[in-house]
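Source file protein-v4.txt; content: compact mmCIF, C-alpha atoms.
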# COMPACT_ATOMS: atom_id res chain seq x y z
CA MET W 1 35.10 67.97 -30.76
CA ALA W 2 33.57 68.70 -34.18
CA PHE W 3 35.74 70.16 -36.93
CA LEU W 4 34.47 73.09 -38.98
CA ILE W 5 36.10 71.46 -42.00
CA ASP W 6 36.35 67.73 -42.59
CA PRO W 7 39.86 67.03 -43.99
CA ALA W 8 38.59 63.73 -45.39
CA ALA W 9 36.41 65.68 -47.83
CA PHE W 10 39.46 67.14 -49.60
CA PRO W 11 40.68 67.31 -52.26
CA ARG W 12 37.30 67.49 -53.98
CA GLN W 13 36.49 65.99 -57.39
CA GLN W 14 39.72 63.95 -57.42
CA GLN W 15 41.74 66.97 -58.48
CA PRO W 16 45.55 66.68 -58.55
CA GLY W 17 47.45 67.33 -55.35
CA PRO W 18 50.57 69.46 -55.04
CA ASP W 19 52.85 66.86 -56.66
CA GLN W 20 50.68 65.64 -59.54
CA ILE W 21 51.47 68.12 -62.33
CA PRO W 22 55.20 67.37 -62.68
CA VAL W 23 57.71 69.18 -64.86
CA ASP W 24 60.04 66.84 -66.69
CA PRO W 25 63.72 67.83 -66.24
CA SER W 26 64.04 68.09 -70.02
CA ILE W 27 61.53 70.97 -69.98
CA LEU W 28 63.50 72.79 -67.28
CA GLN W 29 66.75 72.23 -69.13
CA ALA W 30 65.18 73.58 -72.31
CA ARG W 31 64.07 76.73 -70.44
CA ILE W 32 67.60 77.26 -69.15
CA GLU W 33 69.06 76.77 -72.63
CA ARG W 34 66.58 79.25 -74.06
CA LEU W 35 67.64 81.80 -71.45
CA ARG W 36 71.31 81.05 -72.14
CA ALA W 37 70.77 81.63 -75.86
CA ALA W 38 69.14 85.00 -75.15
CA GLY W 39 72.09 85.96 -72.95
CA ALA W 40 74.60 84.93 -75.58
CA GLN W 41 72.77 86.90 -78.26
CA ALA W 42 72.95 89.98 -76.00
CA GLY W 43 76.72 89.54 -75.63
CA HIS W 44 76.88 88.34 -72.01
CA ALA W 45 79.50 85.98 -70.64
CA ALA W 46 77.12 84.82 -67.92
CA LEU W 47 73.70 85.50 -66.43
CA VAL W 48 73.00 85.61 -62.69
CA VAL W 49 69.41 84.97 -61.64
CA PHE W 50 68.16 85.94 -58.17
CA ALA W 51 64.87 84.79 -56.62
CA GLN W 52 63.33 85.87 -53.34
CA GLY W 53 62.07 83.15 -51.03
CA ALA W 54 58.46 82.06 -50.88
CA ARG W 55 57.86 83.68 -47.51
CA GLN W 56 58.70 87.08 -48.90
CA LEU W 57 55.76 87.33 -51.26
CA SER W 58 54.48 90.79 -50.50
CA GLY W 59 55.89 93.32 -52.92
CA THR W 60 58.33 90.97 -54.63
CA SER W 61 58.43 90.25 -58.34
CA THR W 62 61.23 87.67 -58.46
CA HIS W 63 59.71 84.75 -56.55
CA GLY W 64 58.96 82.93 -59.78
CA ASN W 65 62.42 83.14 -61.37
CA LEU W 66 63.71 79.81 -60.08
CA ARG W 67 60.27 78.25 -59.99
CA TYR W 68 60.35 78.66 -63.75
CA LEU W 69 63.92 77.48 -64.32
CA LEU W 70 64.16 74.74 -61.66
CA ASP W 71 60.60 74.13 -60.40
CA TRP W 72 61.97 74.93 -56.93
CA PHE W 73 61.76 77.71 -54.36
CA SER W 74 63.57 78.55 -51.15
CA GLY W 75 61.65 78.50 -47.90
CA GLY W 76 63.10 81.93 -47.12
CA GLY W 77 65.87 84.23 -48.23
CA THR W 78 67.48 84.71 -51.62
CA ALA W 79 68.41 81.84 -53.94
CA THR W 80 70.78 82.39 -56.85
CA MET W 81 71.55 80.67 -60.13
CA ILE W 82 74.61 81.43 -62.26
CA VAL W 83 74.25 80.50 -65.94
CA PRO W 84 77.58 80.72 -67.83
CA MET W 85 77.39 80.96 -71.58
CA ASP W 86 79.84 78.06 -71.64
CA GLY W 87 79.58 75.50 -68.85
CA GLU W 88 77.15 74.05 -66.33
CA PRO W 89 74.98 76.22 -64.06
CA VAL W 90 75.73 76.93 -60.41
CA VAL W 91 72.88 77.04 -57.87
CA VAL W 92 73.25 78.68 -54.46
CA VAL W 93 70.63 78.02 -51.76
CA PRO W 94 70.37 80.16 -48.61
CA GLY W 95 69.99 77.61 -45.82
CA PRO W 96 70.51 74.00 -44.71
CA SER W 97 66.82 73.14 -45.07
CA ASP W 98 67.08 74.02 -48.77
CA VAL W 99 70.02 71.68 -49.48
CA GLY W 100 68.21 68.35 -49.45
CA ASP W 101 65.19 69.82 -51.21
CA MET W 102 67.30 71.17 -54.07
CA ARG W 103 69.18 67.90 -54.46
CA GLU W 104 65.90 66.01 -54.72
CA ARG W 105 64.26 68.48 -57.11
CA ALA W 106 67.19 69.10 -59.45
CA PRO W 107 69.79 66.32 -59.12
CA TRP W 108 70.99 67.15 -62.63
CA ILE W 109 72.46 70.43 -61.32
CA VAL W 110 75.90 69.20 -60.23
CA ASP W 111 77.31 72.42 -58.74
CA GLN W 112 75.02 73.16 -55.79
CA ARG W 113 76.21 75.37 -52.92
CA CYS W 114 74.78 76.64 -49.63
CA GLU W 115 75.44 80.20 -48.46
CA PRO W 116 73.43 82.67 -46.34
CA SER W 117 71.59 85.22 -48.47
CA GLY W 118 73.70 88.11 -47.22
CA ASN W 119 76.80 86.59 -48.81
CA HIS W 120 75.43 85.87 -52.29
CA GLY W 121 77.08 88.92 -53.85
CA ARG W 122 80.52 87.74 -52.81
CA LEU W 123 79.79 84.11 -53.67
CA VAL W 124 78.75 85.03 -57.22
CA ARG W 125 82.09 86.77 -57.72
CA VAL W 126 83.95 83.72 -56.37
CA ALA W 127 82.05 81.42 -58.73
CA LEU W 128 82.68 83.69 -61.72
CA ASP W 129 86.39 83.71 -60.88
CA GLU W 130 86.49 79.93 -60.47
CA ARG W 131 84.94 79.48 -63.93
CA GLY W 132 87.30 82.05 -65.48
CA ILE W 133 84.36 84.20 -66.61
CA ARG W 134 85.21 87.74 -67.71
CA GLY W 135 83.26 90.49 -69.44
CA GLN W 136 79.57 91.37 -69.37
CA VAL W 137 77.44 89.72 -66.69
CA GLY W 138 73.67 90.12 -66.94
CA LEU W 139 71.68 90.33 -63.70
CA ILE W 140 68.09 89.11 -63.39
CA GLY W 141 66.15 89.87 -60.21
CA ALA W 142 68.90 92.02 -58.70
CA GLY W 143 66.55 94.92 -57.99
CA GLU W 144 65.26 93.19 -54.86
CA LEU W 145 68.66 92.35 -53.36
CA MET W 146 69.70 93.89 -50.08
CA HIS W 147 71.78 97.00 -50.70
CA GLY W 148 74.90 95.47 -49.17
CA VAL W 149 74.64 92.33 -51.30
CA TYR W 150 74.21 94.34 -54.49
CA ALA W 151 77.14 96.61 -53.57
CA GLU W 152 79.46 93.64 -52.97
CA LEU W 153 78.32 91.99 -56.20
CA THR W 154 78.89 94.98 -58.46
CA ALA W 155 81.93 96.57 -56.79
CA PRO W 156 84.58 97.55 -59.38
CA THR W 157 87.75 95.48 -59.73
CA PRO W 158 91.26 96.85 -60.50
CA ASP W 159 91.36 94.94 -63.79
CA ASP W 160 87.73 95.66 -64.77
CA ARG W 161 87.13 91.94 -65.14
CA TRP W 162 83.33 92.29 -65.05
CA SER W 163 80.70 94.79 -66.07
CA PHE W 164 77.19 94.26 -64.68
CA SER W 165 73.86 95.24 -66.21
CA ARG W 166 70.21 94.58 -65.39
CA VAL W 167 68.63 92.31 -68.01
CA ASP W 168 65.44 91.12 -66.28
CA VAL W 169 63.54 91.39 -69.55
CA LEU W 170 65.37 88.32 -70.95
CA LEU W 171 63.56 86.08 -68.48
CA ASP W 172 60.44 88.23 -68.15
CA GLU W 173 59.61 87.84 -71.83
CA GLN W 174 60.22 84.11 -71.65
CA ARG W 175 57.94 83.67 -68.65
CA MET W 176 55.06 85.91 -69.72
CA VAL W 177 53.72 83.44 -72.34
CA LYS W 178 52.58 80.33 -70.46
CA ASP W 179 53.47 76.89 -71.74
CA GLU W 180 51.39 73.75 -71.24
CA ILE W 181 52.72 73.17 -67.72
CA GLY W 182 52.11 76.76 -66.68
CA LEU W 183 48.54 76.75 -67.96
CA ALA W 184 47.81 73.39 -66.30
CA ARG W 185 48.99 74.67 -62.93
CA MET W 186 47.10 77.93 -63.29
CA ARG W 187 43.92 76.01 -64.12
CA ARG W 188 44.38 73.93 -60.98
CA ALA W 189 44.95 77.11 -58.95
CA ALA W 190 41.70 78.49 -60.39
CA ALA W 191 39.86 75.28 -59.48
CA ILE W 192 41.05 75.68 -55.88
CA CYS W 193 39.59 79.20 -55.86
CA ASP W 194 36.28 77.71 -57.00
CA VAL W 195 36.28 75.25 -54.09
CA ILE W 196 37.10 78.03 -51.59
CA PHE W 197 34.19 80.15 -52.85
CA ASP W 198 31.87 77.15 -52.64
CA GLN W 199 32.92 76.40 -49.06
CA LEU W 200 32.74 80.08 -48.09
CA ALA W 201 29.11 80.14 -49.25
CA ALA W 202 28.43 77.05 -47.12
CA ALA W 203 30.07 78.69 -44.10
CA LEU W 204 27.99 81.86 -44.57
CA ALA W 205 24.85 79.70 -44.60
CA GLY W 206 25.79 78.14 -41.26
CA GLN W 207 26.23 79.68 -37.83
CA ALA W 208 27.02 83.37 -37.61
CA ARG W 209 30.77 83.96 -37.50
CA PRO W 210 33.09 86.96 -37.42
CA VAL W 211 34.75 87.77 -40.72
CA TRP W 212 38.20 86.75 -39.47
CA GLN W 213 36.97 83.19 -38.90
CA LEU W 214 35.60 83.09 -42.44
CA GLN W 215 39.04 84.19 -43.63
CA ALA W 216 40.61 81.32 -41.69
CA ILE W 217 38.16 78.81 -43.19
CA ALA W 218 38.96 80.02 -46.71
CA ASN W 219 42.70 79.67 -46.10
CA ALA W 220 42.32 76.18 -44.62
CA VAL W 221 40.23 74.97 -47.54
CA GLY W 222 42.85 76.18 -50.02
CA GLN W 223 45.64 74.36 -48.24
CA LEU W 224 43.58 71.17 -47.99
CA GLU W 225 43.16 71.40 -51.77
CA GLY W 226 46.95 71.39 -52.25
CA ALA W 227 47.90 75.07 -52.42
CA GLU W 228 51.33 75.96 -51.03
CA PHE W 229 50.20 79.33 -49.68
CA VAL W 230 46.74 80.83 -49.25
CA TRP W 231 45.70 84.22 -47.93
CA ASN W 232 42.88 86.68 -48.53
CA TRP W 233 41.29 89.98 -47.77
CA MET W 234 37.65 90.05 -46.77
CA VAL W 235 35.10 92.59 -45.66
CA GLY W 236 31.54 92.10 -44.43
CA ALA W 237 29.02 94.87 -43.76
CA PRO W 238 25.78 96.35 -45.13
CA ARG W 239 28.03 98.78 -47.05
CA PRO W 240 31.50 97.21 -47.39
CA ASP W 241 33.99 100.04 -47.13
CA ARG W 242 37.44 98.74 -48.15
CA THR W 243 39.70 95.71 -48.41
CA ARG W 244 40.44 94.37 -44.92
CA ARG W 245 43.31 91.93 -44.43
CA ARG W 246 44.14 91.54 -40.74
CA PRO W 247 42.04 89.58 -38.21
CA GLU W 248 41.78 92.63 -35.94
CA GLU W 249 40.18 94.55 -38.82
CA ASN W 250 37.54 91.85 -39.19
CA THR W 251 35.96 91.17 -35.81
CA ARG W 252 32.44 92.02 -36.98
CA VAL W 253 30.00 89.07 -36.99
CA VAL W 254 28.33 88.68 -40.37
CA GLN W 255 24.57 89.21 -40.23
CA PRO W 256 21.58 89.07 -42.59
CA GLY W 257 21.68 92.05 -44.95
CA ASP W 258 25.49 92.07 -45.11
CA CYS W 259 27.52 92.00 -48.29
CA VAL W 260 30.72 89.96 -47.97
CA ILE W 261 33.47 90.57 -50.52
CA THR W 262 36.72 88.62 -50.63
CA GLY W 263 39.86 88.56 -52.71
CA LEU W 264 41.65 85.18 -52.74
CA TYR W 265 45.37 84.73 -53.34
CA LEU W 266 47.04 81.35 -53.50
CA ILE W 267 50.02 79.62 -55.05
CA TYR W 268 49.83 76.17 -56.59
CA GLY W 269 53.00 74.70 -58.08
CA GLY W 270 54.47 78.19 -58.11
CA TYR W 271 51.57 79.72 -60.07
CA TYR W 272 49.05 82.17 -58.68
CA GLY W 273 45.36 81.69 -58.29
CA HIS W 274 43.60 85.02 -57.70
CA ALA W 275 39.85 85.68 -57.73
CA LEU W 276 37.35 88.10 -56.15
CA ARG W 277 33.64 87.60 -55.48
CA MET W 278 30.67 89.28 -53.82
CA PHE W 279 28.29 87.39 -51.49
CA THR W 280 25.17 88.61 -49.70
CA VAL W 281 23.46 87.09 -46.68
CA GLY W 282 19.91 87.32 -47.90
CA GLU W 283 18.83 89.19 -51.00
CA PRO W 284 21.20 91.94 -52.20
CA ASP W 285 19.96 95.48 -51.89
CA GLU W 286 20.05 98.16 -54.56
CA SER W 287 23.57 99.39 -53.67
CA HIS W 288 25.02 95.87 -53.89
CA GLN W 289 23.39 95.36 -57.29
CA ARG W 290 24.64 98.70 -58.61
CA THR W 291 28.27 98.14 -57.69
CA TRP W 292 28.18 94.53 -58.91
CA GLN W 293 26.72 95.57 -62.27
CA ALA W 294 29.48 98.15 -62.68
CA VAL W 295 32.30 95.69 -62.03
CA PHE W 296 30.66 92.96 -64.11
CA ASP W 297 30.30 95.27 -67.10
CA ALA W 298 33.87 96.47 -66.60
CA GLN W 299 35.31 92.95 -66.50
CA SER W 300 33.30 91.92 -69.57
CA ALA W 301 34.53 94.93 -71.56
CA ALA W 302 38.13 94.21 -70.60
CA ALA W 303 37.93 90.46 -71.31
CA ALA W 304 36.69 91.10 -74.86
CA LEU W 305 39.98 92.87 -75.64
CA LEU W 306 42.26 90.01 -74.57
CA THR W 307 43.36 89.08 -78.07
CA PRO W 308 46.86 88.67 -79.53
CA GLY W 309 48.14 91.94 -80.95
CA SER W 310 45.90 94.15 -78.82
CA SER W 311 47.56 96.69 -76.56
CA ALA W 312 48.28 95.44 -73.04
CA ARG W 313 46.96 98.80 -71.80
CA ALA W 314 43.55 98.43 -73.48
CA PRO W 315 41.77 96.04 -71.06
CA GLY W 316 42.42 98.16 -67.98
CA LEU W 317 41.40 101.35 -69.75
CA ALA W 318 38.19 99.71 -70.97
CA ALA W 319 37.38 98.49 -67.47
CA ASP W 320 37.87 101.94 -65.97
CA ALA W 321 35.70 103.51 -68.67
CA GLU W 322 32.83 101.19 -67.72
CA LEU W 323 33.31 101.80 -64.00
CA PHE W 324 33.10 105.56 -64.45
CA ARG W 325 30.17 105.26 -66.85
CA HIS W 326 28.24 103.78 -63.94
CA PHE W 327 29.72 106.07 -61.30
CA PRO W 328 31.24 109.19 -62.91
CA GLU W 329 31.70 110.88 -59.54
CA ALA W 330 33.98 108.04 -58.37
CA ARG W 331 36.80 109.06 -60.75
CA GLU W 332 37.92 111.71 -58.24
CA THR W 333 36.15 110.71 -55.01
CA ASP W 334 36.99 106.98 -54.75
CA ARG W 335 40.20 107.01 -52.68
CA VAL W 336 40.41 103.28 -51.99
CA ARG W 337 40.03 101.87 -55.52
CA PHE W 338 42.94 99.71 -56.72
CA ARG W 339 43.97 99.02 -60.31
CA SER W 340 41.58 97.07 -62.48
CA SER W 341 44.12 94.64 -63.92
CA HIS W 342 47.63 93.24 -63.79
CA PHE W 343 49.43 90.40 -65.51
CA ILE W 344 49.96 87.33 -63.35
CA GLY W 345 51.59 83.90 -63.39
CA LEU W 346 54.60 82.77 -61.37
CA ASP W 347 54.48 86.17 -59.68
CA TYR W 348 51.50 88.21 -58.60
CA SER W 349 52.32 91.25 -60.75
CA GLU W 350 54.15 89.89 -63.74
CA TYR W 351 55.78 91.50 -66.77
CA PRO W 352 54.68 93.63 -68.58
CA THR W 353 52.50 95.09 -65.78
CA SER W 354 55.07 97.68 -64.74
CA LYS W 355 55.28 99.03 -68.30
CA THR W 356 51.58 99.00 -69.16
CA ILE W 357 49.41 99.21 -66.02
CA ALA W 358 49.55 101.65 -63.10
CA GLN W 359 47.68 102.07 -59.85
CA PRO W 360 45.04 104.84 -59.96
CA ASP W 361 46.52 108.30 -59.43
CA THR W 362 44.24 108.68 -56.40
CA ALA W 363 46.53 106.10 -54.72
CA SER W 364 49.59 108.36 -55.10
CA TYR W 365 50.30 111.65 -53.34
CA LEU W 366 52.76 112.54 -56.11
CA GLY W 367 50.49 111.42 -58.97
CA GLY W 368 51.50 110.86 -62.56
CA LEU W 369 51.82 107.11 -62.17
CA SER W 370 50.62 106.47 -65.73
CA SER W 371 52.86 109.03 -67.42
CA ALA W 372 55.62 106.53 -68.31
CA LEU W 373 53.38 103.71 -69.57
CA VAL W 374 53.88 102.31 -73.06
CA ASP W 375 51.84 100.23 -75.48
CA LEU W 376 52.94 96.61 -75.83
CA PRO W 377 51.06 94.01 -77.87
CA MET W 378 49.64 91.02 -76.04
CA GLN W 379 50.48 87.49 -77.13
CA ALA W 380 48.44 84.31 -77.02
CA ASP W 381 48.70 82.42 -73.69
CA MET W 382 49.61 85.45 -71.63
CA THR W 383 47.57 85.52 -68.43
CA ILE W 384 46.07 88.58 -66.77
CA GLU W 385 44.01 89.29 -63.68
CA LEU W 386 40.93 91.43 -64.35
CA HIS W 387 39.57 92.66 -61.01
CA PRO W 388 37.64 95.90 -61.59
CA ASN W 389 36.55 97.51 -58.35
CA ILE W 390 34.75 100.66 -57.30
CA CYS W 391 33.82 102.28 -53.98
CA PRO W 392 31.66 105.37 -54.56
CA PRO W 393 31.17 107.29 -51.30
CA GLY W 394 27.92 106.31 -49.61
CA VAL W 395 27.40 103.29 -51.88
CA GLY W 396 30.04 100.80 -50.76
CA LEU W 397 32.68 98.58 -52.34
CA GLY W 398 32.05 96.38 -55.35
CA ALA W 399 34.64 94.01 -56.83
CA LEU W 400 34.89 91.07 -59.22
CA GLY W 401 38.09 89.32 -60.20
CA ASP W 402 39.38 86.40 -62.27
CA ILE W 403 42.49 85.29 -64.13
CA PHE W 404 41.99 85.25 -67.91
CA ARG W 405 44.06 83.70 -70.67
CA VAL W 406 44.67 85.71 -73.85
CA THR W 407 43.25 83.84 -76.86
CA ARG W 408 42.27 84.65 -80.44
CA GLY W 409 38.62 84.69 -79.39
CA GLY W 410 39.08 86.98 -76.39
CA GLY W 411 39.71 86.26 -72.74
CA GLU W 412 39.22 82.74 -71.38
CA ARG W 413 38.20 82.90 -67.71
CA LEU W 414 40.00 80.18 -65.75
CA THR W 415 37.64 80.04 -62.76
CA THR W 416 34.16 78.54 -63.09
CA PHE W 417 32.46 79.85 -59.93
CA PRO W 418 29.59 82.11 -61.10
CA SER W 419 30.40 85.80 -61.51
CA GLU W 420 26.99 86.89 -60.18
CA ILE W 421 26.48 87.94 -56.58
CA CYS W 422 26.29 84.72 -54.57
CA VAL W 423 23.11 84.97 -52.50
CA VAL W 424 23.32 82.92 -49.30
CA ARG W 425 20.26 82.11 -47.20
CA PRO W 426 21.18 81.11 -43.65
CA GLY W 427 19.79 77.78 -42.54
Written as structure tokens, how would this file's structure read?
Amino acid sequence: MAFLIDPAAFPRQQQPGPDQIPVDPSILQARIERLRAAGAQAGHAALVVFAQGARQLSGTSTHGNLRYLLDWFSGGGTATMIVPMDGEPVVVVPGPSDVGDMRERAPWIVDQRCEPSGNHGRLVRVALDERGIRGQVGLIGAGELMHGVYAELTAPTPDDRWSFSRVDVLLDEQRMVKDEIGLARMRRAAAICDVIFDQLAAALAGQARPVWQLQAIANAVGQLEGAEFVWNWMVGAPRPDRTRRRPEENTRVVQPGDCVITGLYLIYGGYYGHALRMFTVGEPDESHQRTWQAVFDAQSAAAALLTPGSSARAPGLAADAELFRHFPEARETDRVRFRSSHFIGLDYSEYPTSKTIAQPDTASYLGGLSSALVDLPMQADMTIELHPNICPPGVGLGALGDIFRVTRGGGERLTTFPSEICVVRPG
């Protein structure tokens, strides 16, 4: 039986595997001490950091909390770290399969405990009592806890021994500027995206396949390159209509004349790779060229503004202005367009996205999503996804996406696969 993909061909170009960009424990300890110092300056007696497990990626924003502090993640459920202002940290893992992993990854954390996720609220209170901690306790990542866990954690006590407050920003601000390790892992994640695009082009040039099989090939290639998780949306048609994620949405066999658009998502060493490209089987037609030109111009305009001190809102606004310059009617009629940008790193939508970037109002029945946005200055080595997209009625979807690094000279694109429409000619 012949394999569609030869595992012996991966990884390509002798790139590092999943264990070859290590984080020295001294770096992790320095990150924890930096967070502790921020907590002490804010007057807290302890900080409690929650992180959702790696299998709960959709819609979460806390997955990266313990990846940053411990270079570790739970296979599922909530993991918790208690950082007293005076004393050693406590780490709580949710299941038996996490125990050995944590001991191997962070043997320098002496106080390691195992407790099902539903009991972490009570266990935090026990640990605080055991350490004699009283006063203000800052919570990081608590917004994604189950209601019952949060209620048990923050329930009042007769002696008012603790007061709890949400202080996510203490870790958010620390994580948003990438250090050398973070940038190295994001570059490797970007290189994996490049390989997936290259192999997707090869698959499109081979035998005709339904889109869902192309999705499966893309995911397999990413995992063979060392990514922890890989998934994608993909659509193939003469006029692509929308992002399609599920296999049952993508049973159509790709044919000459089709435009195939995909958005890749993967995690390497905790850090996201995320890129979008357009392919055509045969020469692109006029509609494909029009939508591609709009998203290319939009991404270029946004990338030029990725400089320290510039407003974090500016790139997305510039991208939208270019999109609607090409297709002014799409401002009100495009009902499937998603936002043009979001910050990214150890989580898909990272701080300060929620303060500076909103989904288009056409995606909200209530509207007004941008009314509470503020201007925040960007800093060097922040990383942002620029994926302008447009779907004018009767024309079809166009999209282009890459992760960029903020530098003094403007955005540095981390992927190297060409931005142009990839024209594939079947063999």
- Task: Excluding Arg31 of chain W and any residue of its chain fewer than 5 positions from it, enumerate the residues within 10 Å of it, using all atoms listed in the file, and give them as a list in words.
- Result: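 My reading of the contact set: Pro25, Ser26, Arg36, Ala37, Tyr68, Leu69, Leu70, Leu171, Gln174 and Arg175 of chain W.
With all atoms listed in the file as the basis for measurement, W:Lys178 is the residue among W:Lys178, W:Arg425, W:Arg209, W:Arg246 that approaches Ile384 of chain W most closely.
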- Task: State, in Å with one decimal place, the distance from atom CA of Asp194 of chain W to atom CA of Thr251 of chain W.
- Result: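 Interatomic distance here is 25.1 Å.
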- Message: Given all atoms listed in the file as the basis, pick out the residue of W:Asp241, W:Glu180, W:Glu385, W:Glu249 nearest to Ala275 of chain W.
- Response: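 Looking only at the distances to Ala275 of chain W, the closest residue turns out to be W:Glu385.
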- Name all residues at most 9 Å from Pro22 of chain W (count all atoms listed in the file; drop same-chain ones fewer than 4 positions away) and give them as a PyMOL selection string. chain W and resi 71+181+269
- Might you pull out every residue within 7 Å of segment 299-313 of chain W, with only C-alpha atoms counted and same-chain residues fewer than 6 positions away left off, and present them as an MDAnalysis selection string? chainID W and resid 319 356:357 375:380 386:388 406:411
Next, write the just-selected residues to a file, as a CSV table (one decimal), keeping the file's coordinate frame, keeping C-alpha atoms as the atom set.
chain,number,residue,atom,x,y,z
W,319,ALA,CA,37.4,98.5,-67.5
W,356,THR,CA,51.6,99.0,-69.2
W,357,ILE,CA,49.4,99.2,-66.0
W,375,ASP,CA,51.8,100.2,-75.5
W,376,LEU,CA,52.9,96.6,-75.8
W,377,PRO,CA,51.1,94.0,-77.9
W,378,MET,CA,49.6,91.0,-76.0
W,379,GLN,CA,50.5,87.5,-77.1
W,380,ALA,CA,48.4,84.3,-77.0
W,386,LEU,CA,40.9,91.4,-64.4
W,387,HIS,CA,39.6,92.7,-61.0
W,388,PRO,CA,37.6,95.9,-61.6
W,406,VAL,CA,44.7,85.7,-73.8
W,407,THR,CA,43.2,83.8,-76.9
W,408,ARG,CA,42.3,84.6,-80.4
W,409,GLY,CA,38.6,84.7,-79.4
W,410,GLY,CA,39.1,87.0,-76.4
W,411,GLY,CA,39.7,86.3,-72.7
Nearby residues (all atoms listed in the file) at most 9 Å from Cys259 of chain W, same-chain spacing under 3 positions excluded, as a JSON list (two decimals) with C-alpha atoms, in the coordinates of the input:
[["chain", "number", "residue", "atom", "x", "y", "z"],
["W", 235, "VAL", "CA", 35.10, 92.59, -45.66],
["W", 236, "GLY", "CA", 31.54, 92.10, -44.43],
["W", 237, "ALA", "CA", 29.02, 94.87, -43.76],
["W", 238, "PRO", "CA", 25.78, 96.35, -45.13],
["W", 239, "ARG", "CA", 28.03, 98.78, -47.05],
["W", 240, "PRO", "CA", 31.50, 97.21, -47.39],
["W", 254, "VAL", "CA", 28.33, 88.68, -40.37],
["W", 256, "PRO", "CA", 21.58, 89.07, -42.59],
["W", 278, "MET", "CA", 30.67, 89.28, -53.82],
["W", 279, "PHE", "CA", 28.29, 87.39, -51.49],
["W", 280, "THR", "CA", 25.17, 88.61, -49.70],
["W", 281, "VAL", "CA", 23.46, 87.09, -46.68],
["W", 282, "GLY", "CA", 19.91, 87.32, -47.90],
["W", 284, "PRO", "CA", 21.20, 91.94, -52.20],
["W", 288, "HIS", "CA", 25.02, 95.87, -53.89]]
- Message: Which residue is closest to Pro16 of chain W? Choose from W:Asp198, W:Asp361, W:Glu225, W:Glu33 and count all atoms listed in the file.
- Response: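 Residue with the minimum atom-to-atom distance to Pro16 of chain W: W:Glu225.
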- Query: Hey, what's within 8 Å of segment 103-115 of chain W if we count only C-alpha atoms and toss same-chain stuff fewer than 5 positions away? As JSON, numbers by chain, please?
  - Reply: {"W": [25, 70, 71, 72, 88, 89, 90, 91, 92, 93, 94, 95, 96, 120, 123]}
- Query: Using all atoms listed in the file, which of W:Val48, W:Leu183, W:Leu28, W:Cys391 sits nearest Glu412 of chain W?
  - Reply: W:Leu183
